[in-house]
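Enquirer: Please see the structure below; I have some questions.
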Amino acid sequence: MALFLIKYGTDNSAEKIKLKNTNDDDVLIFIQNGVYWTINSEINNIKGKKFTLKSDFISRGYQESSSLTDLIDYSQFIDIIEENEKIIG
(Lines give C-alpha, C1' and ligand atoms only; values in the text may rest on other atoms or scores of the structure.)
Protein backbone atom coordinates (compact mmCIF):
# COMPACT_ATOMS: atom_id res chain seq x y z
CA MET A 1 0.00 0.00 0.00
CA ALA A 2 1.31 3.42 -0.97
CA LEU A 3 0.14 7.00 -0.86
CA PHE A 4 0.35 8.80 -4.21
CA LEU A 5 0.35 12.60 -4.29
CA ILE A 6 -0.83 13.85 -7.67
CA LYS A 7 -0.03 17.54 -8.03
CA TYR A 8 0.37 18.16 -11.77
CA GLY A 9 -2.31 18.34 -14.43
CA THR A 10 -3.48 15.81 -16.98
CA ASP A 11 -0.77 16.67 -19.51
CA ASN A 12 2.07 15.62 -17.17
CA SER A 13 3.71 12.36 -18.25
CA ALA A 14 5.10 11.55 -14.78
CA GLU A 15 1.60 11.72 -13.27
CA LYS A 16 0.28 9.45 -16.03
CA ILE A 17 2.92 6.87 -15.15
CA LYS A 18 2.08 7.07 -11.45
CA LEU A 19 -1.64 6.65 -12.12
CA LYS A 20 -1.07 3.63 -14.39
CA ASN A 21 0.82 1.89 -11.59
CA THR A 22 -1.61 2.21 -8.71
CA ASN A 23 -3.18 -0.79 -6.96
CA ASP A 24 -6.57 -1.22 -5.34
CA ASP A 25 -5.12 -0.80 -1.84
CA ASP A 26 -3.26 2.44 -2.66
CA VAL A 27 -4.43 5.92 -1.63
CA LEU A 28 -4.30 8.85 -4.06
CA ILE A 29 -4.60 12.50 -3.11
CA PHE A 30 -5.03 15.06 -5.87
CA ILE A 31 -3.61 18.46 -4.92
CA GLN A 32 -2.69 21.71 -6.69
CA ASN A 33 -3.20 21.26 -10.48
CA GLY A 34 -3.67 17.55 -9.93
CA VAL A 35 -7.31 18.34 -9.17
CA TYR A 36 -7.92 18.56 -12.92
CA TRP A 37 -7.76 14.75 -13.05
CA THR A 38 -10.81 14.53 -10.79
CA ILE A 39 -13.33 16.12 -13.15
CA ASN A 40 -12.82 13.58 -15.94
CA SER A 41 -14.79 10.31 -15.88
CA GLU A 42 -11.58 8.41 -16.70
CA ILE A 43 -10.71 8.86 -13.01
CA ASN A 44 -13.03 5.90 -12.37
CA ASN A 45 -10.60 3.63 -14.25
CA ILE A 46 -7.74 4.46 -11.87
CA LYS A 47 -7.22 1.98 -9.04
CA GLY A 48 -7.07 3.00 -5.40
CA LYS A 49 -8.99 5.15 -2.93
CA LYS A 50 -9.10 8.69 -4.30
CA PHE A 51 -9.28 12.01 -2.46
CA THR A 52 -9.04 15.63 -3.58
CA LEU A 53 -7.90 18.55 -1.45
CA LYS A 54 -11.05 20.64 -1.30
CA SER A 55 -9.35 24.05 -1.04
CA ASP A 56 -7.31 23.41 -4.21
CA PHE A 57 -10.40 22.17 -6.05
CA ILE A 58 -12.56 25.16 -5.06
CA SER A 59 -9.76 27.67 -5.73
CA ARG A 60 -9.70 26.54 -9.36
CA GLY A 61 -13.34 27.54 -9.78
CA TYR A 62 -15.04 24.17 -9.42
CA GLN A 63 -18.14 23.37 -7.40
CA GLU A 64 -17.86 20.60 -4.81
CA SER A 65 -20.38 18.51 -6.75
CA SER A 66 -18.06 18.46 -9.80
CA SER A 67 -15.44 16.25 -8.14
CA LEU A 68 -15.56 12.54 -8.91
CA THR A 69 -13.53 11.81 -5.75
CA ASP A 70 -14.04 12.45 -2.05
CA LEU A 71 -13.11 16.00 -1.06
CA ILE A 72 -10.99 16.41 2.06
CA ASP A 73 -9.82 19.39 4.07
CA TYR A 74 -6.23 20.11 5.06
CA SER A 75 -6.59 18.40 8.44
CA GLN A 76 -7.78 15.18 6.79
CA PHE A 77 -4.92 15.48 4.28
CA ILE A 78 -2.40 15.52 7.14
CA ASP A 79 -4.12 12.55 8.82
CA ILE A 80 -3.87 10.48 5.63
CA ILE A 81 -0.18 11.36 5.23
CA GLU A 82 0.52 10.32 8.82
CA GLU A 83 -1.30 6.99 8.30
CA ASN A 84 0.85 5.98 5.32
CA GLU A 85 4.50 5.01 5.56
CA LYS A 86 5.22 4.86 1.84
CA ILE A 87 4.59 8.12 -0.05
CA ILE A 88 5.11 8.60 -3.78
CA GLY A 89 4.99 12.27 -4.72
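Ligands are numbered from 1 in the order shown, residues from 1 within each chain, and chains are lettered A, B, ... in the order they appear in the C-alpha coordinates.
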Residues of segment 4-27 of chain A that approach segment 55-79 of chain A to 12 Å or less, counting only C-alpha atoms: could you list each one with the shortest pair of atoms and its distance in Å to one decimal, rows by chain and increasing residue number, as JSON lines?
Expert:
```
{"residue": "A:Leu5", "atom": "CA", "partner": "A:Phe77", "partner_atom": "CA", "distance": 10.5}
{"residue": "A:Lys7", "atom": "CA", "partner": "A:Asp56", "partner_atom": "CA", "distance": 10.1}
{"residue": "A:Tyr8", "atom": "CA", "partner": "A:Asp56", "partner_atom": "CA", "distance": 12.0}
{"residue": "A:Val27", "atom": "CA", "partner": "A:Phe77", "partner_atom": "CA", "distance": 11.3}
```
Enquirer: Please provide as a list in words all residues within 7 Å of Ile31 of chain A, with the sequence filter that same-chain residues fewer than 3 positions apart are discarded (counting only C-alpha atoms).
Expert: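 In the requested form, the answer reads Ile6, Lys7, Gly34, Val35, Thr52, Leu53 and Asp56 of chain A.
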Enquirer: Just checking: using only C-alpha atoms, which residue out of A:Asn33, A:Ser13, A:Asn84, A:Asn40 ends up closest to Met1 of chain A?
Expert: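 Going through A:Asn33, A:Ser13, A:Asn84, A:Asn40 one by one, the smallest distance to Met1 of chain A is for A:Asn84.
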Enquirer: Counting only C-alpha atoms, figure out which residue out of A:Asp26, A:Glu42, A:Glu15, A:Glu82 gets nearest to Leu3 of chain A.
Expert: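 Looking at the shortest contact to Leu3 of chain A, the residue is A:Asp26.
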Enquirer: When DSSP works through the backbone of this structure, what residues of chain A end up as alpha helix (DSSP H), shown as a list in words?
Expert: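 Everything in chain A that counts as alpha helix (DSSP H) is Ser13, Ala14, Glu15, Lys16, Ile17, Lys18, Leu19, Lys20, Lys54, Ser55, Asp56, Phe57, Ile58, Ser59, Tyr74, Ser75, Gln76, Phe77, Ile78, Asp79, Ile80, Ile81, Glu82 and Glu83 of chain A.
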Enquirer: Output the selection as a PDB file, in the first residue's frame - N, CA and C atoms for each residue.
Expert:
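The resulting file, result.pdb, is reproduced below:
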```pdb
ATOM      1  N   SER A  13       3.409  13.779 -17.988  1.00  0.00           N
ATOM      2  CA  SER A  13       3.709  12.362 -18.247  1.00  0.00           C
ATOM      3  C   SER A  13       4.081  11.596 -16.975  1.00  0.00           C
ATOM      4  N   ALA A  14       4.741  12.230 -16.035  1.00  0.00           N
ATOM      5  CA  ALA A  14       5.096  11.545 -14.784  1.00  0.00           C
ATOM      6  C   ALA A  14       3.845  11.162 -13.999  1.00  0.00           C
ATOM      7  N   GLU A  15       2.852  12.036 -13.979  1.00  0.00           N
ATOM      8  CA  GLU A  15       1.603  11.722 -13.271  1.00  0.00           C
ATOM      9  C   GLU A  15       0.876  10.571 -13.967  1.00  0.00           C
ATOM     10  N   LYS A  16       0.914  10.544 -15.288  1.00  0.00           N
ATOM     11  CA  LYS A  16       0.279   9.450 -16.030  1.00  0.00           C
ATOM     12  C   LYS A  16       0.909   8.118 -15.659  1.00  0.00           C
ATOM     13  N   ILE A  17       2.219   8.104 -15.525  1.00  0.00           N
ATOM     14  CA  ILE A  17       2.916   6.870 -15.145  1.00  0.00           C
ATOM     15  C   ILE A  17       2.516   6.446 -13.741  1.00  0.00           C
ATOM     16  N   LYS A  18       2.484   7.397 -12.821  1.00  0.00           N
ATOM     17  CA  LYS A  18       2.080   7.069 -11.447  1.00  0.00           C
ATOM     18  C   LYS A  18       0.679   6.471 -11.428  1.00  0.00           C
ATOM     19  N   LEU A  19      -0.245   7.098 -12.147  1.00  0.00           N
ATOM     20  CA  LEU A  19      -1.637   6.647 -12.119  1.00  0.00           C
ATOM     21  C   LEU A  19      -1.825   5.286 -12.786  1.00  0.00           C
ATOM     22  N   LYS A  20      -0.996   4.950 -13.748  1.00  0.00           N
ATOM     23  CA  LYS A  20      -1.067   3.630 -14.387  1.00  0.00           C
ATOM     24  C   LYS A  20      -0.596   2.527 -13.450  1.00  0.00           C
ATOM     25  N   LYS A  54      -9.903  19.778  -1.005  1.00  0.00           N
ATOM     26  CA  LYS A  54     -11.046  20.645  -1.301  1.00  0.00           C
ATOM     27  C   LYS A  54     -10.640  22.084  -1.605  1.00  0.00           C
ATOM     28  N   SER A  55      -9.734  22.645  -0.839  1.00  0.00           N
ATOM     29  CA  SER A  55      -9.346  24.048  -1.044  1.00  0.00           C
ATOM     30  C   SER A  55      -8.716  24.250  -2.419  1.00  0.00           C
ATOM     31  N   ASP A  56      -7.911  23.304  -2.882  1.00  0.00           N
ATOM     32  CA  ASP A  56      -7.306  23.406  -4.211  1.00  0.00           C
ATOM     33  C   ASP A  56      -8.376  23.270  -5.299  1.00  0.00           C
ATOM     34  N   PHE A  57      -9.330  22.396  -5.080  1.00  0.00           N
ATOM     35  CA  PHE A  57     -10.403  22.174  -6.052  1.00  0.00           C
ATOM     36  C   PHE A  57     -11.278  23.417  -6.192  1.00  0.00           C
ATOM     37  N   ILE A  58     -11.696  23.973  -5.067  1.00  0.00           N
ATOM     38  CA  ILE A  58     -12.563  25.157  -5.060  1.00  0.00           C
ATOM     39  C   ILE A  58     -11.812  26.376  -5.613  1.00  0.00           C
ATOM     40  N   SER A  59     -10.526  26.505  -5.287  1.00  0.00           N
ATOM     41  CA  SER A  59      -9.761  27.672  -5.734  1.00  0.00           C
ATOM     42  C   SER A  59      -9.570  27.705  -7.254  1.00  0.00           C
ATOM     43  N   TYR A  74      -7.660  20.214   4.792  1.00  0.00           N
ATOM     44  CA  TYR A  74      -6.226  20.109   5.061  1.00  0.00           C
ATOM     45  C   TYR A  74      -5.935  19.203   6.258  1.00  0.00           C
ATOM     46  N   SER A  75      -6.778  19.239   7.269  1.00  0.00           N
ATOM     47  CA  SER A  75      -6.591  18.395   8.445  1.00  0.00           C
ATOM     48  C   SER A  75      -6.677  16.911   8.073  1.00  0.00           C
ATOM     49  N   GLN A  76      -7.641  16.561   7.242  1.00  0.00           N
ATOM     50  CA  GLN A  76      -7.779  15.176   6.789  1.00  0.00           C
ATOM     51  C   GLN A  76      -6.586  14.773   5.916  1.00  0.00           C
ATOM     52  N   PHE A  77      -6.093  15.709   5.118  1.00  0.00           N
ATOM     53  CA  PHE A  77      -4.916  15.484   4.279  1.00  0.00           C
ATOM     54  C   PHE A  77      -3.730  15.087   5.152  1.00  0.00           C
ATOM     55  N   ILE A  78      -3.497  15.827   6.221  1.00  0.00           N
ATOM     56  CA  ILE A  78      -2.396  15.521   7.143  1.00  0.00           C
ATOM     57  C   ILE A  78      -2.602  14.161   7.796  1.00  0.00           C
ATOM     58  N   ASP A  79      -3.830  13.855   8.206  1.00  0.00           N
ATOM     59  CA  ASP A  79      -4.121  12.553   8.822  1.00  0.00           C
ATOM     60  C   ASP A  79      -3.774  11.404   7.874  1.00  0.00           C
ATOM     61  N   ILE A  80      -4.147  11.540   6.615  1.00  0.00           N
ATOM     62  CA  ILE A  80      -3.867  10.484   5.634  1.00  0.00           C
ATOM     63  C   ILE A  80      -2.362  10.331   5.433  1.00  0.00           C
ATOM     64  N   ILE A  81      -1.640  11.429   5.375  1.00  0.00           N
ATOM     65  CA  ILE A  81      -0.177  11.360   5.232  1.00  0.00           C
ATOM     66  C   ILE A  81       0.438  10.638   6.422  1.00  0.00           C
ATOM     67  N   GLU A  82      -0.028  10.949   7.622  1.00  0.00           N
ATOM     68  CA  GLU A  82       0.522  10.319   8.822  1.00  0.00           C
ATOM     69  C   GLU A  82       0.208   8.826   8.888  1.00  0.00           C
ATOM     70  N   GLU A  83      -0.888   8.396   8.277  1.00  0.00           N
ATOM     71  CA  GLU A  83      -1.296   6.987   8.299  1.00  0.00           C
ATOM     72  C   GLU A  83      -0.506   6.129   7.319  1.00  0.00           C
TER      73      GLU A  83
END
```
Enquirer: Tell me, as a list of chain:residue names, which residues lie within 10 Å of Thr22 of chain A, counting only C-alpha atoms; anything in the same chain fewer than 6 positions away does not count.
Expert: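 These residues fall inside the cut-off: A:Met1, A:Ala2, A:Leu3, A:Phe4, A:Leu28, A:Ile46, A:Lys47, A:Gly48, A:Lys49.
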Enquirer: Atom CA of Phe30 of chain A to atom CA of Lys86 of chain A: how many Å, to one decimal?
Expert: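 Separation between atom CA of Phe30 of chain A and atom CA of Lys86 of chain A: 16.4 Å.
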Enquirer: One number please: atom CA of Thr10 of chain A to atom CA of Asn44 of chain A, in Å, one decimal.
Expert: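 Separating atom CA of Thr10 of chain A from atom CA of Asn44 of chain A is a distance of 14.5 Å.
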